[in-house]
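Engineer: Quick one: this structure, given as structure tokens, is what I'll be asking you about.
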Amino acid sequence: MLLNDAKILLEKLKRANVGFFPTPFHKLERLSDMLGVELYIKRDDFTGVGLFGGNKIRKLQYFMADALEKGAEYVFTFGATQSNHAMQTATACRRCGLKPVLYLMSVVEPDAFPRSNLLLDRVFDAEVHIVPPDFGKMQEAAREHMARLEAEGHKCYEIPGGGAAPLGSAGYIEGYCEMAEQAMAAGFKPDYVFHATGSGGTLAGLMAGHDLIGCGAEIHSVLVGNDEPVQYVKNTAELANKALELIGAGNVKVRPEEFHIETEYYLPGYEQPNSGTDRAIKLLAVNEGILVDPVYSGKAFYGMLDSIESGKVPKGSSVLFWHTGGATSIFAEKEIIGNIY
Ligand SMILES: *Cc1c(COP(=O)(O)O)cnc(C)c1O
């Protein structure tokens with residue numbers, strides 16, 4: 001499908017005004033020279049709505065519109081205590097006059113003084129419930145809470161963890177089209193796209209956008225946790241196809257064989273730093289003045305660097321790094337931030 005036809009389909013979806021688009025797209029001159037590739041960056045760290053944007057804002061445009069249309073008063077979502085998604089949901093809710101309720105798992109025990117995203121959640125007066133790391137129990141508690149509020153006549157809206165639902169992924173179909181348009185204008189044809197993947201909502205949208213407009217880049221997705229890759233790809237392909245159906249392009253199908261999931265770079269675990277990521281964060285900061293985080297975008301940058309330096313991505317390639325945000329984690333608990341100072 002032509003880019004313009006894809007844009008016409010996407011325009012039919014209702015969105016709330018919670019960010020600033022298009023986000024910047026530019027070349028990394030010094031790193032391109034150093035690494036021997038043409039390296040561009042897509043700045044979804046600049047989605048807004050406040051100072052600390054990120055990839056979840058693209059999804060939240062649609063969730064917020066849906067919540068408002070359904071007459072919701074409270075918006076519930078889930079994550080880890082330092083969840084970027086939860087913090088961005090709180091931001092978007094306040095922009096739309098909705099009340100955020102966050103159920104957060106203490107994967108890393110929070111410091112007594114709230115740091116980073118947990119501090120921002122408090123600034124936004126989000127209702128925060130910190131629970132032990134058991135997703136099933138957390139969801140059950142949140143659903144009971146919603147049922148109580150509903151019984152009292154308050155309408156609640158639930159956003160899944162990471163915003164991984166077809167409506168959210170539609171935001172990244174649009175993101176992919178936005179990037180393709182900017183790349184074309186810059187005369188840049190990406191051979192490879194690197195990004196961090198967690199819940200898979202972003203990846204589903206990117207892959208759907210990629211297949212929808214038939215753009216040749218290989219999408220390499222750096223996992224940030226210990227998901228089983230075969231099942232992960234199956235679920236993400238399904239999500240991509242549901243997002244395509246949602247926008248009225250159900251004839252396009254994303255297939256599991258198209259995915260490139262990088263499984264080594266997050267180790268030893270989610271929210272646990274490693275020296276390759278420390279180096280990647282420093283390299284980008286020192287050479288380009290740009291910040292990535294130790295949990296998501298830094299691990300993706302590490303994966304991209306390693307792929308270039310090891311020759312898996314050949315010299316002379318055109319490479320796009322998709323910055324998904326998250327740099328607030330640089331101010332998180334010291335177990336999370338690694339050796340970057
Ligand atoms: C959530 C997040 C991701 C992963 O996005 P998913 O859609 O959950 O896969 C990547 N980078 C950052 C900074 C994030 O907060």
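In the structure tokens, chains take the letters A, B, ... in the order shown, each chain's residues start at 1, and ligands count up from 1 in the order shown.
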Pick out the residues no farther than 8 Å from ligand 1, counting only C-alpha atoms and all ligand atoms, and list them as an mmCIF file with N, CA, C and O atoms, in the first residue's frame.

Structural biologist:
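Saved result, selection.cif, follows:
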```
data_model
loop_
_atom_site.group_PDB
_atom_site.id
_atom_site.type_symbol
_atom_site.label_atom_id
_atom_site.label_comp_id
_atom_site.auth_asym_id
_atom_site.auth_seq_id
_atom_site.Cartn_x
_atom_site.Cartn_y
_atom_site.Cartn_z
ATOM 1 N N ASP A 45 11.959 9.760 22.204
ATOM 2 C CA ASP A 45 12.111 10.280 23.575
ATOM 3 C C ASP A 45 11.467 11.671 23.659
ATOM 4 O O ASP A 45 11.251 12.184 24.747
ATOM 5 N N GLY A 54 8.266 9.394 25.536
ATOM 6 C CA GLY A 54 8.697 8.029 25.261
ATOM 7 C C GLY A 54 7.676 7.349 24.377
ATOM 8 O O GLY A 54 6.678 7.956 23.979
ATOM 9 N N ASN A 55 7.940 6.072 24.081
ATOM 10 C CA ASN A 55 7.113 5.376 23.092
ATOM 11 C C ASN A 55 5.661 5.193 23.538
ATOM 12 O O ASN A 55 4.776 5.088 22.706
ATOM 13 N N LYS A 56 5.412 5.150 24.855
ATOM 14 C CA LYS A 56 4.046 4.872 25.306
ATOM 15 C C LYS A 56 3.075 5.999 24.939
ATOM 16 O O LYS A 56 1.882 5.763 24.807
ATOM 17 N N SER A 83 8.199 1.786 36.018
ATOM 18 C CA SER A 83 7.605 1.690 34.685
ATOM 19 C C SER A 83 7.510 3.052 33.977
ATOM 20 O O SER A 83 6.902 3.993 34.505
ATOM 21 N N ASN A 84 8.093 3.125 32.789
ATOM 22 C CA ASN A 84 7.916 4.320 31.945
ATOM 23 C C ASN A 84 6.473 4.416 31.474
ATOM 24 O O ASN A 84 5.907 5.503 31.375
ATOM 25 N N HIS A 85 5.910 3.256 31.158
ATOM 26 C CA HIS A 85 4.526 3.217 30.675
ATOM 27 C C HIS A 85 3.563 3.796 31.721
ATOM 28 O O HIS A 85 2.677 4.592 31.383
ATOM 29 N N GLY A 161 -0.574 -3.734 30.541
ATOM 30 C CA GLY A 161 0.829 -3.396 30.793
ATOM 31 C C GLY A 161 1.535 -3.063 29.491
ATOM 32 O O GLY A 161 1.378 -3.770 28.496
ATOM 33 N N GLY A 162 2.279 -1.963 29.488
ATOM 34 C CA GLY A 162 3.010 -1.560 28.287
ATOM 35 C C GLY A 162 2.110 -1.014 27.185
ATOM 36 O O GLY A 162 2.589 -0.618 26.126
ATOM 37 N N GLY A 163 0.795 -1.008 27.416
ATOM 38 C CA GLY A 163 -0.122 -0.561 26.361
ATOM 39 C C GLY A 163 -0.150 -1.518 25.187
ATOM 40 O O GLY A 163 -0.378 -1.121 24.037
ATOM 41 N N ALA A 164 0.113 -2.809 25.486
ATOM 42 C CA ALA A 164 0.175 -3.805 24.411
ATOM 43 C C ALA A 164 -1.221 -4.284 24.057
ATOM 44 O O ALA A 164 -1.710 -5.293 24.574
ATOM 45 N N SER A 169 -0.896 -0.411 19.425
ATOM 46 C CA SER A 169 0.026 -0.727 18.330
ATOM 47 C C SER A 169 -0.294 0.075 17.070
ATOM 48 O O SER A 169 0.605 0.360 16.274
ATOM 49 N N HIS A 195 15.595 -1.373 17.890
ATOM 50 C CA HIS A 195 14.790 -0.768 18.965
ATOM 51 C C HIS A 195 14.669 -1.767 20.117
ATOM 52 O O HIS A 195 14.930 -2.959 19.944
ATOM 53 N N ALA A 196 14.244 -1.267 21.274
ATOM 54 C CA ALA A 196 14.027 -2.126 22.435
ATOM 55 C C ALA A 196 12.612 -2.657 22.419
ATOM 56 O O ALA A 196 11.674 -1.940 22.061
ATOM 57 N N THR A 197 12.442 -3.929 22.834
ATOM 58 C CA THR A 197 11.094 -4.488 22.890
ATOM 59 C C THR A 197 10.824 -5.128 24.250
ATOM 60 O O THR A 197 11.676 -5.843 24.778
ATOM 61 N N GLY A 198 9.644 -4.793 24.797
ATOM 62 C CA GLY A 198 9.246 -5.328 26.104
ATOM 63 C C GLY A 198 7.914 -6.044 25.983
ATOM 64 O O GLY A 198 7.854 -7.249 25.733
ATOM 65 N N SER A 199 6.820 -5.276 26.113
ATOM 66 C CA SER A 199 5.495 -5.884 25.988
ATOM 67 C C SER A 199 5.214 -6.313 24.543
ATOM 68 O O SER A 199 4.326 -7.119 24.299
ATOM 69 N N GLY A 200 5.937 -5.754 23.593
ATOM 70 C CA GLY A 200 5.763 -6.114 22.178
ATOM 71 C C GLY A 200 4.807 -5.197 21.421
ATOM 72 O O GLY A 200 4.658 -5.319 20.210
ATOM 73 N N GLY A 201 4.174 -4.273 22.140
ATOM 74 C CA GLY A 201 3.198 -3.388 21.493
ATOM 75 C C GLY A 201 3.823 -2.488 20.436
ATOM 76 O O GLY A 201 3.239 -2.254 19.376
ATOM 77 N N THR A 202 5.017 -1.994 20.735
ATOM 78 C CA THR A 202 5.722 -1.142 19.770
ATOM 79 C C THR A 202 6.144 -1.953 18.556
ATOM 80 O O THR A 202 5.897 -1.572 17.408
ATOM 81 N N LEU A 203 6.775 -3.096 18.823
ATOM 82 C CA LEU A 203 7.236 -3.964 17.741
ATOM 83 C C LEU A 203 6.074 -4.378 16.836
ATOM 84 O O LEU A 203 6.207 -4.364 15.603
ATOM 85 N N ALA A 204 4.945 -4.742 17.434
ATOM 86 C CA ALA A 204 3.782 -5.154 16.628
ATOM 87 C C ALA A 204 3.401 -4.044 15.652
ATOM 88 O O ALA A 204 3.156 -4.297 14.468
ATOM 89 N N VAL A 224 14.152 -7.033 26.366
ATOM 90 C CA VAL A 224 14.640 -6.487 27.641
ATOM 91 C C VAL A 224 14.363 -7.422 28.808
ATOM 92 O O VAL A 224 14.693 -7.101 29.949
ATOM 93 N N ASP A 293 18.564 4.839 28.289
ATOM 94 C CA ASP A 293 18.426 4.349 29.661
ATOM 95 C C ASP A 293 18.977 2.936 29.823
ATOM 96 O O ASP A 293 19.131 2.211 28.857
ATOM 97 N N VAL A 295 17.595 0.272 31.091
ATOM 98 C CA VAL A 295 16.646 -0.853 31.091
ATOM 99 C C VAL A 295 16.148 -1.181 29.675
ATOM 100 O O VAL A 295 15.982 -2.354 29.328
ATOM 101 N N TYR A 296 15.950 -0.161 28.852
ATOM 102 C CA TYR A 296 15.370 -0.375 27.518
ATOM 103 C C TYR A 296 16.282 0.149 26.396
ATOM 104 O O TYR A 296 16.957 -0.614 25.711
ATOM 105 N N SER A 297 16.247 1.450 26.195
ATOM 106 C CA SER A 297 16.888 1.992 24.988
ATOM 107 C C SER A 297 18.410 1.799 25.010
ATOM 108 O O SER A 297 19.024 1.642 23.955
ATOM 109 N N HIS A 323 14.814 5.532 19.126
ATOM 110 C CA HIS A 323 14.915 5.881 20.556
ATOM 111 C C HIS A 323 13.509 5.861 21.140
ATOM 112 O O HIS A 323 12.664 6.669 20.756
ATOM 113 N N THR A 324 13.285 4.949 22.075
ATOM 114 C CA THR A 324 11.938 4.792 22.646
ATOM 115 C C THR A 324 11.780 5.541 23.972
ATOM 116 O O THR A 324 10.760 5.398 24.643
ATOM 117 N N GLY A 325 12.812 6.308 24.369
ATOM 118 C CA GLY A 325 12.712 7.103 25.602
ATOM 119 C C GLY A 325 13.268 6.365 26.803
ATOM 120 O O GLY A 325 14.103 5.477 26.664
ATOM 121 N N GLY A 326 12.798 6.742 27.989
ATOM 122 C CA GLY A 326 13.137 5.999 29.206
ATOM 123 C C GLY A 326 14.276 6.564 30.027
ATOM 124 O O GLY A 326 14.622 5.991 31.070
ATOM 125 N N ALA A 327 14.885 7.679 29.581
ATOM 126 C CA ALA A 327 16.106 8.147 30.256
ATOM 127 C C ALA A 327 15.883 8.584 31.708
ATOM 128 O O ALA A 327 16.847 8.769 32.447
#
```

Engineer: If we count only C-alpha atoms and set the cut-off at 10 Å, which residues sit around A:Asn339, ignoring sequence neighbours fewer than 6 positions away in its own chain? Please answer as a list in words.

Structural biologist: Pro273, Asn274, Ser275, Thr277, Asp278, Arg279, Ile281, Lys282 and Pro294 of chain A

Engineer: Can you write just those residues out, C-alpha atoms, as a PDB file, in the first residue's frame?

Structural biologist:
```
ATOM      1  CA  PRO A 273      22.523  -3.499  34.142  1.00  0.00           C
ATOM      2  CA  ASN A 274      25.403  -5.001  32.130  1.00  0.00           C
ATOM      3  CA  SER A 275      28.762  -3.593  31.031  1.00  0.00           C
ATOM      4  CA  THR A 277      24.930  -1.351  28.034  1.00  0.00           C
ATOM      5  CA  ASP A 278      27.006   0.895  30.321  1.00  0.00           C
ATOM      6  CA  ARG A 279      29.444   1.392  27.451  1.00  0.00           C
ATOM      7  CA  ILE A 281      25.039   4.676  27.166  1.00  0.00           C
ATOM      8  CA  LYS A 282      28.397   6.425  27.606  1.00  0.00           C
ATOM      9  CA  PRO A 294      19.861   1.242  31.317  1.00  0.00           C
TER      10      PRO A 294
END
```

Engineer: Under the rule that only C-alpha atoms are counted, which of A:Ala90, A:Ile219, A:Ala208, A:Leu39 is the nearest residue to A:Ala237?

Structural biologist: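 Going through A:Ala90, A:Ile219, A:Ala208, A:Leu39 one by one, the smallest distance to A:Ala237 is for A:Ala208.
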
Engineer: Residues near A:Cys215, anyone? I mean within 10 Å using only C-alpha atoms, not counting same-chain ones fewer than 4 positions away, as a tab-separated table (two decimals) with N, CA, C and O atoms, in the first residue's frame.

Structural biologist:
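Everything below was put into result_6.tsv:
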```
chain	number	residue	atom	x	y	z
A	3	LEU	N	2.17	4.92	1.00
A	3	LEU	CA	2.22	5.63	2.27
A	3	LEU	C	0.99	6.52	2.47
A	3	LEU	O	0.40	6.55	3.55
A	176	TYR	N	5.62	4.27	12.23
A	176	TYR	CA	6.44	3.74	11.14
A	176	TYR	C	6.24	4.58	9.86
A	176	TYR	O	7.20	4.89	9.16
A	177	CYS	N	4.99	4.93	9.59
A	177	CYS	CA	4.71	5.77	8.41
A	177	CYS	C	5.39	7.13	8.55
A	177	CYS	O	5.94	7.66	7.58
A	180	ALA	N	9.03	6.68	7.84
A	180	ALA	CA	9.28	6.42	6.42
A	180	ALA	C	9.25	7.73	5.63
A	180	ALA	O	10.07	7.95	4.73
A	189	LYS	N	17.64	5.51	3.23
A	189	LYS	CA	16.87	4.26	3.08
A	189	LYS	C	17.40	3.26	4.08
A	189	LYS	O	18.42	2.62	3.85
A	190	PRO	N	16.72	3.10	5.23
A	190	PRO	CA	17.29	2.21	6.26
A	190	PRO	C	17.33	0.74	5.83
A	190	PRO	O	16.34	0.22	5.32
A	191	ASP	N	18.50	0.10	6.01
A	191	ASP	CA	18.61	-1.35	5.83
A	191	ASP	C	18.19	-2.06	7.11
A	191	ASP	O	17.66	-3.16	7.08
A	209	GLY	N	3.39	-1.70	10.31
A	209	GLY	CA	3.64	-0.56	9.44
A	209	GLY	C	4.59	-0.93	8.32
A	209	GLY	O	4.39	-0.58	7.15
A	210	HIS	N	5.63	-1.66	8.66
A	210	HIS	CA	6.63	-2.13	7.71
A	210	HIS	C	5.98	-2.95	6.60
A	210	HIS	O	6.23	-2.73	5.41
A	211	ASP	N	5.11	-3.88	6.98
A	211	ASP	CA	4.47	-4.73	5.98
A	211	ASP	C	3.39	-3.98	5.20
A	211	ASP	O	3.15	-4.25	4.03
```

Engineer: Go through stretch 8-177 of chain A and collect every residue that DSSP, computed from the backbone, puts in helix (DSSP H, G or I); the answer should be as a ChimeraX atom specification.

Structural biologist: /A:8-11,29-35,44-46,55-69,84-96,116-123,135-151,161-163,166-177

Engineer: Please provide the set of residues having any atom within 6 Å of stretch 248-262 of chain A, restricted to only C-alpha atoms, with same-chain residues fewer than 6 positions apart removed, written as a ChimeraX atom specification.

Structural biologist: /A:220-223,233,237,241

Engineer: Can those selected residues be exported to a file as a PDB file, in the first residue's frame so that it contains N, CA, C and O atoms?

Structural biologist:
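Heads up, here's the output in selection_20.pdb:
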```
ATOM      1  N   HIS A 220      15.244  -5.111  13.872  1.00  0.00           N
ATOM      2  CA  HIS A 220      15.910  -5.915  14.909  1.00  0.00           C
ATOM      3  C   HIS A 220      15.464  -5.426  16.275  1.00  0.00           C
ATOM      4  O   HIS A 220      15.624  -4.257  16.615  1.00  0.00           O
ATOM      5  N   SER A 221      14.910  -6.355  17.050  1.00  0.00           N
ATOM      6  CA  SER A 221      14.239  -6.006  18.293  1.00  0.00           C
ATOM      7  C   SER A 221      15.005  -6.599  19.467  1.00  0.00           C
ATOM      8  O   SER A 221      15.128  -7.819  19.576  1.00  0.00           O
ATOM      9  N   VAL A 222      15.529  -5.746  20.314  1.00  0.00           N
ATOM     10  CA  VAL A 222      16.334  -6.195  21.447  1.00  0.00           C
ATOM     11  C   VAL A 222      15.406  -6.416  22.647  1.00  0.00           C
ATOM     12  O   VAL A 222      14.821  -5.474  23.171  1.00  0.00           O
ATOM     13  N   LEU A 223      15.268  -7.678  23.026  1.00  0.00           N
ATOM     14  CA  LEU A 223      14.414  -8.032  24.169  1.00  0.00           C
ATOM     15  C   LEU A 223      15.021  -7.494  25.459  1.00  0.00           C
ATOM     16  O   LEU A 223      16.237  -7.535  25.635  1.00  0.00           O
ATOM     17  N   VAL A 233       7.256 -14.116  19.604  1.00  0.00           N
ATOM     18  CA  VAL A 233       7.049 -13.722  18.201  1.00  0.00           C
ATOM     19  C   VAL A 233       5.621 -14.051  17.759  1.00  0.00           C
ATOM     20  O   VAL A 233       4.973 -13.254  17.073  1.00  0.00           O
ATOM     21  N   ALA A 237       3.137 -11.181  16.525  1.00  0.00           N
ATOM     22  CA  ALA A 237       2.591 -11.224  15.160  1.00  0.00           C
ATOM     23  C   ALA A 237       1.061 -11.135  15.223  1.00  0.00           C
ATOM     24  O   ALA A 237       0.428 -10.425  14.426  1.00  0.00           O
ATOM     25  N   ASN A 241      -1.310  -8.228  13.628  1.00  0.00           N
ATOM     26  CA  ASN A 241      -2.408  -8.495  12.692  1.00  0.00           C
ATOM     27  C   ASN A 241      -3.734  -7.925  13.189  1.00  0.00           C
ATOM     28  O   ASN A 241      -4.554  -7.457  12.394  1.00  0.00           O
TER      29      ASN A 241
END
```

Engineer: Compile the contact shell of A:Val37 as a PyMOL selection string: residues with an atom at most 10 Å away, counting only C-alpha atoms, same-chain residues fewer than 6 positions apart removed.

Structural biologist: chain A and resi 29+31+308+313-319

Engineer: Deliver the residues from the most recent selection as a file, using N, CA, C and O atoms, as a PDB file, in the first residue's frame.

Structural biologist:
```
ATOM      1  N   GLU A  29      26.163  12.161  13.287  1.00  0.00           N
ATOM      2  CA  GLU A  29      27.326  12.353  12.407  1.00  0.00           C
ATOM      3  C   GLU A  29      28.583  11.681  12.961  1.00  0.00           C
ATOM      4  O   GLU A  29      29.265  10.930  12.263  1.00  0.00           O
ATOM      5  N   LEU A  31      29.018   9.384  15.352  1.00  0.00           N
ATOM      6  CA  LEU A  31      28.959   7.926  15.493  1.00  0.00           C
ATOM      7  C   LEU A  31      28.939   7.243  14.125  1.00  0.00           C
ATOM      8  O   LEU A  31      29.485   6.151  13.972  1.00  0.00           O
ATOM      9  N   ILE A 308      26.946  -4.044  14.747  1.00  0.00           N
ATOM     10  CA  ILE A 308      27.786  -3.314  13.796  1.00  0.00           C
ATOM     11  C   ILE A 308      29.253  -3.712  13.996  1.00  0.00           C
ATOM     12  O   ILE A 308      29.963  -4.044  13.046  1.00  0.00           O
ATOM     13  N   VAL A 313      26.000  -6.563  11.040  1.00  0.00           N
ATOM     14  CA  VAL A 313      25.509  -5.474  10.196  1.00  0.00           C
ATOM     15  C   VAL A 313      26.741  -4.967   9.436  1.00  0.00           C
ATOM     16  O   VAL A 313      27.668  -4.438  10.039  1.00  0.00           O
ATOM     17  N   PRO A 314      26.784  -5.171   8.103  1.00  0.00           N
ATOM     18  CA  PRO A 314      28.006  -4.836   7.360  1.00  0.00           C
ATOM     19  C   PRO A 314      28.306  -3.331   7.352  1.00  0.00           C
ATOM     20  O   PRO A 314      27.389  -2.509   7.393  1.00  0.00           O
ATOM     21  N   LYS A 315      29.594  -3.023   7.296  1.00  0.00           N
ATOM     22  CA  LYS A 315      30.028  -1.617   7.143  1.00  0.00           C
ATOM     23  C   LYS A 315      29.352  -1.010   5.909  1.00  0.00           C
ATOM     24  O   LYS A 315      29.116  -1.703   4.929  1.00  0.00           O
ATOM     25  N   GLY A 316      29.040   0.248   5.997  1.00  0.00           N
ATOM     26  CA  GLY A 316      28.403   0.916   4.858  1.00  0.00           C
ATOM     27  C   GLY A 316      26.884   0.809   4.878  1.00  0.00           C
ATOM     28  O   GLY A 316      26.212   1.417   4.055  1.00  0.00           O
ATOM     29  N   SER A 317      26.334   0.025   5.834  1.00  0.00           N
ATOM     30  CA  SER A 317      24.871  -0.112   5.912  1.00  0.00           C
ATOM     31  C   SER A 317      24.226   1.189   6.379  1.00  0.00           C
ATOM     32  O   SER A 317      24.869   2.016   7.021  1.00  0.00           O
ATOM     33  N   SER A 318      22.945   1.307   6.068  1.00  0.00           N
ATOM     34  CA  SER A 318      22.138   2.404   6.599  1.00  0.00           C
ATOM     35  C   SER A 318      21.344   1.864   7.782  1.00  0.00           C
ATOM     36  O   SER A 318      20.577   0.920   7.636  1.00  0.00           O
ATOM     37  N   VAL A 319      21.582   2.466   8.952  1.00  0.00           N
ATOM     38  CA  VAL A 319      21.019   1.921  10.192  1.00  0.00           C
ATOM     39  C   VAL A 319      20.209   3.005  10.889  1.00  0.00           C
ATOM     40  O   VAL A 319      20.654   4.146  10.994  1.00  0.00           O
TER      41      VAL A 319
END
```

Engineer: Taking the DSSP assignment computed from this structure's backbone, write out as a PyMOL selection string all residues of stretch 67-231 of chain A that belong to strand (DSSP E).

Structural biologist: chain A and resi 74-80+99-105+127-131+156-158+192-197+218-223

Engineer: Produce a file of the selected residues containing N, CA, C and O atoms, as a short mmCIF file (atom, residue, chain, number, x, y, z; two decimals), in the first residue's frame.

Structural biologist:
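As written to disk, selection-v6.cif reads:
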```cif
data_model
loop_
_atom_site.label_atom_id
_atom_site.label_comp_id
_atom_site.auth_asym_id
_atom_site.auth_seq_id
_atom_site.Cartn_x
_atom_site.Cartn_y
_atom_site.Cartn_z
N TYR A 74 -11.64 7.03 35.83
CA TYR A 74 -10.37 6.47 36.29
C TYR A 74 -9.73 5.65 35.16
O TYR A 74 -10.42 4.95 34.43
N VAL A 75 -8.40 5.73 35.07
CA VAL A 75 -7.66 4.87 34.14
C VAL A 75 -6.69 4.03 34.94
O VAL A 75 -5.88 4.55 35.71
N PHE A 76 -6.81 2.71 34.81
CA PHE A 76 -5.93 1.76 35.51
C PHE A 76 -4.88 1.23 34.55
O PHE A 76 -5.18 0.92 33.40
N THR A 77 -3.64 1.12 35.04
CA THR A 77 -2.66 0.35 34.26
C THR A 77 -1.63 -0.28 35.18
O THR A 77 -1.67 -0.10 36.40
N PHE A 78 -0.69 -1.03 34.58
CA PHE A 78 0.22 -1.90 35.31
C PHE A 78 1.66 -1.71 34.85
O PHE A 78 1.90 -1.30 33.71
N GLY A 79 2.58 -2.11 35.71
CA GLY A 79 4.00 -2.09 35.31
C GLY A 79 4.88 -2.42 36.49
O GLY A 79 4.40 -2.84 37.55
N ALA A 80 6.20 -2.23 36.32
CA ALA A 80 7.14 -2.31 37.43
C ALA A 80 7.13 -0.95 38.14
O ALA A 80 6.60 0.02 37.61
N LYS A 99 -8.26 10.34 35.97
CA LYS A 99 -7.53 10.02 37.21
C LYS A 99 -6.74 8.72 37.04
O LYS A 99 -7.34 7.65 36.87
N PRO A 100 -5.40 8.79 37.13
CA PRO A 100 -4.59 7.59 36.94
C PRO A 100 -4.48 6.74 38.21
O PRO A 100 -4.24 7.27 39.30
N VAL A 101 -4.67 5.42 38.06
CA VAL A 101 -4.45 4.47 39.15
C VAL A 101 -3.43 3.45 38.66
O VAL A 101 -3.64 2.78 37.64
N LEU A 102 -2.29 3.37 39.34
CA LEU A 102 -1.18 2.54 38.88
C LEU A 102 -0.94 1.38 39.83
O LEU A 102 -0.76 1.58 41.03
N TYR A 103 -0.95 0.17 39.29
CA TYR A 103 -0.56 -1.02 40.06
C TYR A 103 0.85 -1.40 39.62
O TYR A 103 1.07 -1.74 38.45
N LEU A 104 1.79 -1.31 40.56
CA LEU A 104 3.21 -1.45 40.21
C LEU A 104 3.87 -2.55 41.03
O LEU A 104 3.75 -2.60 42.25
N MET A 105 4.61 -3.43 40.31
CA MET A 105 5.32 -4.54 40.97
C MET A 105 6.72 -4.11 41.36
O MET A 105 7.45 -3.53 40.55
N GLU A 127 -2.69 7.56 41.83
CA GLU A 127 -2.92 6.64 42.96
C GLU A 127 -2.03 5.42 42.72
O GLU A 127 -2.21 4.68 41.76
N VAL A 128 -1.02 5.26 43.58
CA VAL A 128 0.00 4.22 43.36
C VAL A 128 -0.19 3.07 44.34
O VAL A 128 -0.30 3.29 45.54
N HIS A 129 -0.26 1.84 43.80
CA HIS A 129 -0.32 0.64 44.64
C HIS A 129 0.91 -0.20 44.34
O HIS A 129 1.03 -0.71 43.22
N ILE A 130 1.81 -0.31 45.30
CA ILE A 130 3.01 -1.12 45.08
C ILE A 130 2.77 -2.52 45.64
O ILE A 130 2.37 -2.67 46.79
N VAL A 131 2.96 -3.51 44.77
CA VAL A 131 2.64 -4.90 45.13
C VAL A 131 3.83 -5.81 44.82
O VAL A 131 4.71 -5.43 44.05
N CYS A 156 -14.47 3.07 34.94
CA CYS A 156 -13.02 2.78 34.90
C CYS A 156 -12.62 2.28 33.51
O CYS A 156 -13.41 1.64 32.83
N TYR A 157 -11.37 2.54 33.16
CA TYR A 157 -10.83 2.11 31.86
C TYR A 157 -9.49 1.43 32.14
O TYR A 157 -8.68 1.96 32.89
N GLU A 158 -9.29 0.25 31.56
CA GLU A 158 -8.06 -0.49 31.82
C GLU A 158 -7.15 -0.49 30.59
O GLU A 158 -7.59 -0.79 29.48
N TYR A 192 18.49 -1.43 8.24
CA TYR A 192 18.22 -2.02 9.55
C TYR A 192 17.57 -0.98 10.46
O TYR A 192 17.95 0.19 10.43
N VAL A 193 16.62 -1.45 11.27
CA VAL A 193 16.06 -0.63 12.35
C VAL A 193 16.32 -1.38 13.64
O VAL A 193 16.03 -2.58 13.73
N PHE A 194 16.88 -0.72 14.65
CA PHE A 194 17.08 -1.33 15.97
C PHE A 194 16.23 -0.60 16.99
O PHE A 194 16.14 0.63 17.00
N HIS A 195 15.60 -1.37 17.89
CA HIS A 195 14.79 -0.77 18.97
C HIS A 195 14.67 -1.77 20.12
O HIS A 195 14.93 -2.96 19.94
N ALA A 196 14.24 -1.27 21.27
CA ALA A 196 14.03 -2.13 22.44
C ALA A 196 12.61 -2.66 22.42
O ALA A 196 11.67 -1.94 22.06
N THR A 197 12.44 -3.93 22.83
CA THR A 197 11.09 -4.49 22.89
C THR A 197 10.82 -5.13 24.25
O THR A 197 11.68 -5.84 24.78
N GLU A 218 15.16 -4.23 7.72
CA GLU A 218 15.05 -5.38 8.63
C GLU A 218 14.91 -4.81 10.04
O GLU A 218 15.76 -4.03 10.47
N ILE A 219 13.87 -5.21 10.74
CA ILE A 219 13.65 -4.69 12.08
C ILE A 219 14.28 -5.63 13.11
O ILE A 219 13.92 -6.81 13.17
N HIS A 220 15.24 -5.11 13.87
CA HIS A 220 15.91 -5.92 14.91
C HIS A 220 15.46 -5.43 16.27
O HIS A 220 15.62 -4.26 16.61
N SER A 221 14.91 -6.36 17.05
CA SER A 221 14.24 -6.01 18.29
C SER A 221 15.00 -6.60 19.47
O SER A 221 15.13 -7.82 19.58
N VAL A 222 15.53 -5.75 20.31
CA VAL A 222 16.33 -6.19 21.45
C VAL A 222 15.41 -6.42 22.65
O VAL A 222 14.82 -5.47 23.17
N LEU A 223 15.27 -7.68 23.03
CA LEU A 223 14.41 -8.03 24.17
C LEU A 223 15.02 -7.49 25.46
O LEU A 223 16.24 -7.53 25.64
#
```

Engineer: Considering only C-alpha atoms, state which residue in the set A:Ala186, A:Asn235, A:Phe321, A:Lys299 is at the smallest distance from A:Ala217.

Structural biologist: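 For A:Ala217, the nearest of the candidates is A:Phe321.
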
Engineer: For atom CA of A:Lys70 and atom CA of A:Leu13, quote the distance in Å rounded to one decimal.

Structural biologist: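 It comes out at 14.8 Å.
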
Engineer: Name the residues in contact with A:Leu60 at a cut-off of 7 Å, using only C-alpha atoms, excluding same-chain residues fewer than 6 positions from it; report them as JSON, numbers by chain.

Structural biologist: {"A": [89, 92, 168]}

Engineer: What is the distance between atom CA of A:Ala243 and atom CA of A:Glu69, in Å to one decimal?

Structural biologist: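 Taking atom CA of A:Ala243 as the start and atom CA of A:Glu69 as the end point, the length is 19.4 Å.
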